[in-house]
>>> print(open('model_13.pdb').read())   # PDB, C-alpha atoms and all ligand atoms
ATOM      1  CA  MET T   1     -22.669 -25.562 -64.070  1.00  0.00           C
ATOM      2  CA  GLU T   2     -22.831 -29.157 -62.780  1.00  0.00           C
ATOM      3  CA  ASN T   3     -21.976 -30.631 -66.183  1.00  0.00           C
ATOM      4  CA  LYS T   4     -19.067 -28.252 -66.589  1.00  0.00           C
ATOM      5  CA  LEU T   5     -17.711 -29.185 -63.164  1.00  0.00           C
ATOM      6  CA  LYS T   6     -18.165 -32.882 -63.820  1.00  0.00           C
ATOM      7  CA  LYS T   7     -16.313 -32.700 -67.136  1.00  0.00           C
ATOM      8  CA  LEU T   8     -13.539 -30.708 -65.513  1.00  0.00           C
ATOM      9  CA  LEU T   9     -13.156 -33.384 -62.806  1.00  0.00           C
ATOM     10  CA  ASN T  10     -11.535 -35.539 -65.486  1.00  0.00           C
ATOM     11  CA  ASN T  11      -8.587 -33.110 -65.582  1.00  0.00           C
ATOM     12  CA  SER T  12      -7.888 -33.387 -61.871  1.00  0.00           C
ATOM     13  CA  TYR T  13      -4.526 -35.009 -61.093  1.00  0.00           C
ATOM     14  CA  SER T  14      -5.006 -36.966 -57.884  1.00  0.00           C
ATOM     15  CA  PRO T  15      -3.107 -40.289 -58.064  1.00  0.00           C
ATOM     16  CA  TYR T  16      -2.315 -40.322 -54.327  1.00  0.00           C
ATOM     17  CA  TYR T  17      -5.391 -39.157 -52.407  1.00  0.00           C
ATOM     18  CA  LYS T  18      -7.722 -40.137 -55.256  1.00  0.00           C
ATOM     19  CA  PHE T  19      -9.827 -37.123 -54.352  1.00  0.00           C
ATOM     20  CA  ASN T  20     -10.698 -35.276 -57.529  1.00  0.00           C
ATOM     21  CA  VAL T  21     -11.802 -31.669 -57.278  1.00  0.00           C
ATOM     22  CA  SER T  22     -12.875 -29.205 -59.957  1.00  0.00           C
ATOM     23  CA  CYS T  23     -13.707 -25.541 -59.699  1.00  0.00           C
ATOM     24  CA  VAL T  24     -15.305 -22.836 -61.810  1.00  0.00           C
ATOM     25  CA  LEU T  25     -14.760 -19.291 -60.567  1.00  0.00           C
ATOM     26  CA  VAL T  26     -17.193 -16.731 -61.991  1.00  0.00           C
ATOM     27  CA  THR T  27     -16.299 -13.041 -62.172  1.00  0.00           C
ATOM     28  CA  LYS T  28     -18.789 -10.179 -61.890  1.00  0.00           C
ATOM     29  CA  ASP T  29     -18.496  -9.683 -65.657  1.00  0.00           C
ATOM     30  CA  ASN T  30     -19.415 -13.374 -66.119  1.00  0.00           C
ATOM     31  CA  LYS T  31     -16.040 -14.718 -67.180  1.00  0.00           C
ATOM     32  CA  GLU T  32     -15.195 -18.210 -65.955  1.00  0.00           C
ATOM     33  CA  TYR T  33     -11.852 -19.433 -64.699  1.00  0.00           C
ATOM     34  CA  TYR T  34     -11.251 -23.125 -64.191  1.00  0.00           C
ATOM     35  CA  GLY T  35      -9.170 -25.048 -61.721  1.00  0.00           C
ATOM     36  CA  VAL T  36      -8.519 -28.628 -60.685  1.00  0.00           C
ATOM     37  CA  ASN T  37      -6.431 -30.025 -57.870  1.00  0.00           C
ATOM     38  CA  VAL T  38      -2.942 -31.149 -58.861  1.00  0.00           C
ATOM     39  CA  GLU T  39      -1.008 -33.461 -56.550  1.00  0.00           C
ATOM     40  CA  ASN T  40       2.698 -34.217 -56.378  1.00  0.00           C
ATOM     41  CA  ILE T  41       4.586 -37.168 -54.924  1.00  0.00           C
ATOM     42  CA  ALA T  42       6.515 -34.755 -52.685  1.00  0.00           C
ATOM     43  CA  GLY T  43       3.290 -33.369 -51.236  1.00  0.00           C
ATOM     44  CA  ILE T  44       3.480 -30.112 -53.188  1.00  0.00           C
ATOM     45  CA  ASN T  45      -0.218 -30.080 -53.940  1.00  0.00           C
ATOM     46  CA  ILE T  46      -2.491 -27.299 -55.042  1.00  0.00           C
ATOM     47  CA  CYS T  47      -6.249 -27.190 -54.686  1.00  0.00           C
ATOM     48  CA  ALA T  48      -8.710 -26.576 -57.502  1.00  0.00           C
ATOM     49  CA  GLU T  49      -9.960 -23.404 -55.818  1.00  0.00           C
ATOM     50  CA  ARG T  50      -6.548 -21.747 -55.652  1.00  0.00           C
ATOM     51  CA  ASN T  51      -5.738 -22.809 -59.200  1.00  0.00           C
ATOM     52  CA  ALA T  52      -8.910 -21.086 -60.429  1.00  0.00           C
ATOM     53  CA  ILE T  53      -8.346 -17.958 -58.318  1.00  0.00           C
ATOM     54  CA  TYR T  54      -4.691 -17.611 -59.368  1.00  0.00           C
ATOM     55  CA  ASN T  55      -5.705 -18.138 -62.988  1.00  0.00           C
ATOM     56  CA  ALA T  56      -8.156 -15.228 -62.731  1.00  0.00           C
ATOM     57  CA  ILE T  57      -5.554 -13.044 -61.004  1.00  0.00           C
ATOM     58  CA  THR T  58      -3.062 -13.946 -63.730  1.00  0.00           C
ATOM     59  CA  ASN T  59      -5.613 -12.698 -66.250  1.00  0.00           C
ATOM     60  CA  GLY T  60      -5.903  -9.320 -64.555  1.00  0.00           C
ATOM     61  CA  TYR T  61      -8.804  -9.703 -62.129  1.00  0.00           C
ATOM     62  CA  LYS T  62      -8.567  -7.992 -58.732  1.00  0.00           C
ATOM     63  CA  LYS T  63     -10.076  -8.190 -55.269  1.00  0.00           C
ATOM     64  CA  GLY T  64     -13.795  -7.533 -55.514  1.00  0.00           C
ATOM     65  CA  ASP T  65     -14.155  -8.748 -59.114  1.00  0.00           C
ATOM     66  CA  PHE T  66     -15.656 -12.115 -58.173  1.00  0.00           C
ATOM     67  CA  LYS T  67     -19.262 -13.261 -57.949  1.00  0.00           C
ATOM     68  CA  GLU T  68     -19.233 -16.966 -57.135  1.00  0.00           C
ATOM     69  CA  ILE T  69     -17.054 -20.017 -56.939  1.00  0.00           C
ATOM     70  CA  ASN T  70     -18.361 -23.490 -57.773  1.00  0.00           C
ATOM     71  CA  ILE T  71     -16.570 -26.537 -56.452  1.00  0.00           C
ATOM     72  CA  MET T  72     -17.231 -30.224 -57.159  1.00  0.00           C
ATOM     73  CA  VAL T  73     -15.673 -33.235 -55.488  1.00  0.00           C
ATOM     74  CA  ASN T  74     -15.740 -36.788 -56.797  1.00  0.00           C
ATOM     75  CA  SER T  75     -17.420 -37.994 -53.635  1.00  0.00           C
ATOM     76  CA  ASN T  76     -20.858 -38.503 -52.134  1.00  0.00           C
ATOM     77  CA  GLU T  77     -20.149 -35.710 -49.650  1.00  0.00           C
ATOM     78  CA  CYS T  78     -20.331 -31.996 -50.391  1.00  0.00           C
ATOM     79  CA  SER T  79     -16.879 -31.036 -49.144  1.00  0.00           C
ATOM     80  CA  LEU T  80     -15.857 -27.590 -48.000  1.00  0.00           C
ATOM     81  CA  PRO T  81     -12.818 -25.604 -49.136  1.00  0.00           C
ATOM     82  CA  CYS T  82      -9.695 -26.179 -47.040  1.00  0.00           C
ATOM     83  CA  PHE T  83      -8.504 -23.371 -44.795  1.00  0.00           C
ATOM     84  CA  THR T  84      -5.591 -22.467 -47.060  1.00  0.00           C
ATOM     85  CA  CYS T  85      -8.089 -21.813 -49.858  1.00  0.00           C
ATOM     86  CA  ARG T  86     -10.390 -19.940 -47.497  1.00  0.00           C
ATOM     87  CA  GLN T  87      -7.528 -17.619 -46.577  1.00  0.00           C
ATOM     88  CA  VAL T  88      -6.813 -17.021 -50.284  1.00  0.00           C
ATOM     89  CA  MET T  89     -10.536 -16.360 -50.849  1.00  0.00           C
ATOM     90  CA  LEU T  90     -10.416 -13.766 -48.059  1.00  0.00           C
ATOM     91  CA  GLU T  91      -7.578 -12.035 -49.921  1.00  0.00           C
ATOM     92  CA  PHE T  92      -9.570 -11.627 -53.150  1.00  0.00           C
ATOM     93  CA  PHE T  93     -13.291 -12.133 -52.446  1.00  0.00           C
ATOM     94  CA  ASP T  94     -15.855  -9.838 -50.880  1.00  0.00           C
ATOM     95  CA  ASP T  95     -17.756 -11.264 -47.899  1.00  0.00           C
ATOM     96  CA  ASP T  96     -20.877 -11.929 -50.003  1.00  0.00           C
ATOM     97  CA  VAL T  97     -19.235 -14.063 -52.715  1.00  0.00           C
ATOM     98  CA  ILE T  98     -21.236 -17.283 -53.132  1.00  0.00           C
ATOM     99  CA  ILE T  99     -19.492 -20.606 -52.582  1.00  0.00           C
ATOM    100  CA  ASN T 100     -21.366 -23.558 -54.106  1.00  0.00           C
ATOM    101  CA  CYS T 101     -20.094 -26.945 -52.943  1.00  0.00           C
ATOM    102  CA  TYR T 102     -21.250 -29.885 -55.098  1.00  0.00           C
ATOM    103  CA  ASN T 103     -20.808 -33.589 -54.680  1.00  0.00           C
ATOM    104  CA  LYS T 104     -20.622 -35.951 -57.666  1.00  0.00           C
ATOM    105  CA  ASN T 105     -24.410 -36.455 -57.532  1.00  0.00           C
ATOM    106  CA  ASN T 106     -25.012 -32.725 -58.104  1.00  0.00           C
ATOM    107  CA  ASP T 107     -26.194 -32.111 -54.553  1.00  0.00           C
ATOM    108  CA  CYS T 108     -25.082 -28.646 -53.539  1.00  0.00           C
ATOM    109  CA  ASN T 109     -24.544 -26.727 -50.326  1.00  0.00           C
ATOM    110  CA  THR T 110     -24.325 -22.953 -50.692  1.00  0.00           C
ATOM    111  CA  TYR T 111     -22.498 -20.529 -48.420  1.00  0.00           C
ATOM    112  CA  THR T 112     -21.181 -17.002 -48.477  1.00  0.00           C
ATOM    113  CA  LEU T 113     -17.533 -16.356 -47.715  1.00  0.00           C
ATOM    114  CA  LYS T 114     -18.640 -14.644 -44.511  1.00  0.00           C
ATOM    115  CA  GLU T 115     -20.409 -17.830 -43.416  1.00  0.00           C
ATOM    116  CA  LEU T 116     -17.325 -19.963 -44.047  1.00  0.00           C
ATOM    117  CA  CYS T 117     -14.977 -17.439 -42.454  1.00  0.00           C
ATOM    118  CA  PRO T 118     -16.817 -15.686 -39.619  1.00  0.00           C
ATOM    119  CA  TYR T 119     -13.616 -14.641 -37.817  1.00  0.00           C
ATOM    120  CA  PRO T 120     -11.030 -14.014 -40.539  1.00  0.00           C
ATOM    121  CA  PHE T 121      -7.407 -12.983 -40.336  1.00  0.00           C
ATOM    122  CA  LYS T 122      -7.361  -9.754 -42.362  1.00  0.00           C
ATOM    123  CA  SER T 123      -4.893  -6.990 -43.160  1.00  0.00           C
ATOM    124  CA  GLU T 124      -6.347  -4.858 -40.344  1.00  0.00           C
ATOM    125  CA  ASP T 125      -4.929  -7.429 -37.936  1.00  0.00           C
ATOM    126  CA  LEU T 126      -1.403  -6.370 -38.938  1.00  0.00           C
ATOM    127  CA  ARG T 127      -1.892  -2.806 -37.654  1.00  0.00           C
TER     128      ARG T 127
HETATM  129 ZN    ZN W 201      -7.820 -25.881 -50.678  1.00  0.00          ZN
END
>>> encode(input="model_13.pdb", output="C-alpha cells", more="lines below")
Ligand SMILES: [Zn+2]
Amino acid sequence: MENKLKKLLNNSYSPYYKFNVSCVLVTKDNKEYYGVNVENIAGINICAERNAIYNAITNGYKKGDFKEINIMVNSNECSLPCFTCRQVMLEFFDDDVIINCYNKNNDCNTYTLKELCPYPFKSEDLR
C-alpha cells in the first residue's frame, strides 16, 4: 500500500500549499479507488480523500461498501483528514472503517472513523 500511495503522490496538484496528498480507498469487495488533492488559484481545492470517495460513488458504490481508506502526505508528520473530509466519510462510511494515515517515511497511525468523529453530525440530528 505504501508504494502505491507514494507513486500516487506524484499526481497530486499542489503548487500553492506544496502539500501533496494521495489516497487509496478500499471497498469491501477489494476494489481500490484513488484520489489526490487538486488545488486551484481561486482556492477551489479538493482533498485526496474526497476525490477517492466521490470516484467510488461515481462507480456505483454506496454507504457501507467501504473497508478502509489509506492516506499519505508528503511530510514527516502523519496528518489527519480535514473536517470536511471527515463529514463526507460520515456520509458514506460505517463507524468501523479503518483510516490509515501515512507520512512520507511510511510511518502510519491507524484510527476508526468513530475515533476520528466521536460526536458526529448525522441525519438523525435533522429530526
Ligand atoms: Zn480533506
>>> closest_residue(input="model_13.pdb", among="T:Asp125, T:Asp107, T:Glu39, T:Asp96", to="Ile69 in chain T", atoms="only C-alpha atoms")
T:Asp96
>>> atom_distance(input="model_13.pdb", atom1="CA of Leu25 in chain T", atom2="CA of Glu49 in chain T")
7.9 Å
>>> closest_atom_pairs(input="model_13.pdb", of="chain T", to="ligand ZN 201 (chain W)", cutoff="8 Å", atoms="all atoms listed in the file", output="tab-separated table")
residue	atom	partner	partner_atom	distance
T:Ile46	CA	W:ZN201	ZN	7.0
T:Cys47	CA	W:ZN201	ZN	4.5
T:Ala48	CA	W:ZN201	ZN	6.9
T:Glu49	CA	W:ZN201	ZN	6.1
T:Arg50	CA	W:ZN201	ZN	6.6
T:Pro81	CA	W:ZN201	ZN	5.2
T:Cys82	CA	W:ZN201	ZN	4.1
T:Phe83	CA	W:ZN201	ZN	6.4
T:Thr84	CA	W:ZN201	ZN	5.5
T:Cys85	CA	W:ZN201	ZN	4.2
T:Arg86	CA	W:ZN201	ZN	7.2
>>> atom_distance(input="model_13.pdb", atom1="CA of Lys63 in chain T", atom2="CA of Asn11 in chain T")
27.0 Å
>>> atom_distance(input="model_13.pdb", atom1="CA of Lys31 in chain T", atom2="CA of Asn76 in chain T")
28.6 Å
>>> resolve_selection(input="model_13.pdb", expression="the PyMOL selection byres (((chain T and resi 9) around 8) and not hetatm)", output="list in words")
Leu5, Lys6, Lys7, Leu8, Asn10, Asn11, Ser12, Asn20, Val21, Ser22, Val36, Met72, Val73 and Asn74 of chain T
>>> closest_residue(input="model_13.pdb", among="T:Tyr102, T:Phe66, T:Tyr111, T:Tyr119", to="Tyr33 in chain T", atoms="all atoms listed in the file")
T:Phe66
>>> resolve_selection(input="model_13.pdb", expression="the PyMOL selection byres (((chain T and resi 92) around 12) and not hetatm)", output="MDAnalysis selection string")
chainID T and resid 25 27 50 52:54 56:57 61:69 85:91 93:97 113 122:123
>>> build_atoms(input="model_13.pdb", residues="range 69-103 of chain T", atoms="N, CA and C atoms", output="short mmCIF file (atom, residue, chain, number, x, y, z; two decimals), in the coordinates of the input")
data_model
loop_
_atom_site.label_atom_id
_atom_site.label_comp_id
_atom_site.auth_asym_id
_atom_site.auth_seq_id
_atom_site.Cartn_x
_atom_site.Cartn_y
_atom_site.Cartn_z
N ILE T 69 -18.00 -18.94 -56.65
CA ILE T 69 -17.05 -20.02 -56.94
C ILE T 69 -17.80 -21.34 -56.76
N ASN T 70 -17.66 -22.20 -57.75
CA ASN T 70 -18.36 -23.49 -57.77
C ASN T 70 -17.32 -24.60 -57.67
N ILE T 71 -17.56 -25.49 -56.74
CA ILE T 71 -16.57 -26.54 -56.45
C ILE T 71 -17.28 -27.88 -56.49
N MET T 72 -16.66 -28.86 -57.15
CA MET T 72 -17.23 -30.22 -57.16
C MET T 72 -16.16 -31.23 -56.75
N VAL T 73 -16.57 -32.15 -55.88
CA VAL T 73 -15.67 -33.24 -55.49
C VAL T 73 -16.24 -34.55 -56.00
N ASN T 74 -15.34 -35.47 -56.30
CA ASN T 74 -15.74 -36.79 -56.80
C ASN T 74 -16.05 -37.70 -55.61
N SER T 75 -17.09 -37.34 -54.89
CA SER T 75 -17.42 -37.99 -53.64
C SER T 75 -18.93 -37.86 -53.41
N ASN T 76 -19.44 -38.64 -52.48
CA ASN T 76 -20.86 -38.50 -52.13
C ASN T 76 -21.11 -37.37 -51.15
N GLU T 77 -20.03 -36.82 -50.59
CA GLU T 77 -20.15 -35.71 -49.65
C GLU T 77 -19.94 -34.39 -50.38
N CYS T 78 -20.60 -33.35 -49.90
CA CYS T 78 -20.33 -32.00 -50.39
C CYS T 78 -19.23 -31.40 -49.52
N SER T 79 -18.00 -31.50 -49.96
CA SER T 79 -16.88 -31.04 -49.14
C SER T 79 -16.83 -29.52 -49.09
N LEU T 80 -16.08 -29.03 -48.14
CA LEU T 80 -15.86 -27.59 -48.00
C LEU T 80 -14.43 -27.25 -48.42
N PRO T 81 -14.20 -26.01 -48.81
CA PRO T 81 -12.82 -25.60 -49.14
C PRO T 81 -11.91 -25.73 -47.91
N CYS T 82 -10.66 -26.10 -48.14
CA CYS T 82 -9.70 -26.18 -47.04
C CYS T 82 -9.40 -24.77 -46.53
N PHE T 83 -8.72 -24.69 -45.40
CA PHE T 83 -8.50 -23.37 -44.80
C PHE T 83 -7.43 -22.57 -45.52
N THR T 84 -6.54 -23.22 -46.23
CA THR T 84 -5.59 -22.47 -47.06
C THR T 84 -6.36 -21.74 -48.16
N CYS T 85 -7.28 -22.44 -48.81
CA CYS T 85 -8.09 -21.81 -49.86
C CYS T 85 -8.99 -20.73 -49.28
N ARG T 86 -9.53 -20.97 -48.11
CA ARG T 86 -10.39 -19.94 -47.50
C ARG T 86 -9.60 -18.66 -47.26
N GLN T 87 -8.34 -18.81 -46.82
CA GLN T 87 -7.53 -17.62 -46.58
C GLN T 87 -7.25 -16.89 -47.89
N VAL T 88 -7.03 -17.64 -48.96
CA VAL T 88 -6.81 -17.02 -50.28
C VAL T 88 -8.11 -16.35 -50.76
N MET T 89 -9.25 -16.99 -50.50
CA MET T 89 -10.54 -16.36 -50.85
C MET T 89 -10.70 -15.03 -50.11
N LEU T 90 -10.31 -15.01 -48.84
CA LEU T 90 -10.42 -13.77 -48.06
C LEU T 90 -9.57 -12.64 -48.67
N GLU T 91 -8.47 -13.03 -49.30
CA GLU T 91 -7.58 -12.04 -49.92
C GLU T 91 -8.24 -11.37 -51.13
N PHE T 92 -9.06 -12.12 -51.86
CA PHE T 92 -9.57 -11.63 -53.15
C PHE T 92 -11.09 -11.49 -53.24
N PHE T 93 -11.83 -12.13 -52.35
CA PHE T 93 -13.29 -12.13 -52.45
C PHE T 93 -13.90 -11.15 -51.45
N ASP T 94 -15.03 -10.56 -51.83
CA ASP T 94 -15.86 -9.84 -50.88
C ASP T 94 -16.59 -10.85 -49.99
N ASP T 95 -17.09 -10.38 -48.86
CA ASP T 95 -17.76 -11.26 -47.90
C ASP T 95 -18.97 -11.97 -48.48
N ASP T 96 -19.63 -11.36 -49.48
CA ASP T 96 -20.88 -11.93 -50.00
C ASP T 96 -20.69 -12.82 -51.23
N VAL T 97 -19.46 -13.13 -51.59
CA VAL T 97 -19.24 -14.06 -52.72
C VAL T 97 -19.85 -15.42 -52.36
N ILE T 98 -20.55 -16.01 -53.33
CA ILE T 98 -21.24 -17.28 -53.13
C ILE T 98 -20.28 -18.45 -53.36
N ILE T 99 -20.33 -19.41 -52.47
CA ILE T 99 -19.49 -20.61 -52.58
C ILE T 99 -20.43 -21.81 -52.68
N ASN T 100 -20.51 -22.39 -53.87
CA ASN T 100 -21.37 -23.56 -54.11
C ASN T 100 -20.51 -24.82 -54.05
N CYS T 101 -20.87 -25.72 -53.15
CA CYS T 101 -20.09 -26.94 -52.94
C CYS T 101 -20.92 -28.15 -53.39
N TYR T 102 -20.52 -28.76 -54.52
CA TYR T 102 -21.25 -29.88 -55.10
C TYR T 102 -20.56 -31.20 -54.79
N ASN T 103 -21.38 -32.25 -54.65
CA ASN T 103 -20.81 -33.59 -54.68
C ASN T 103 -21.01 -34.15 -56.10
#
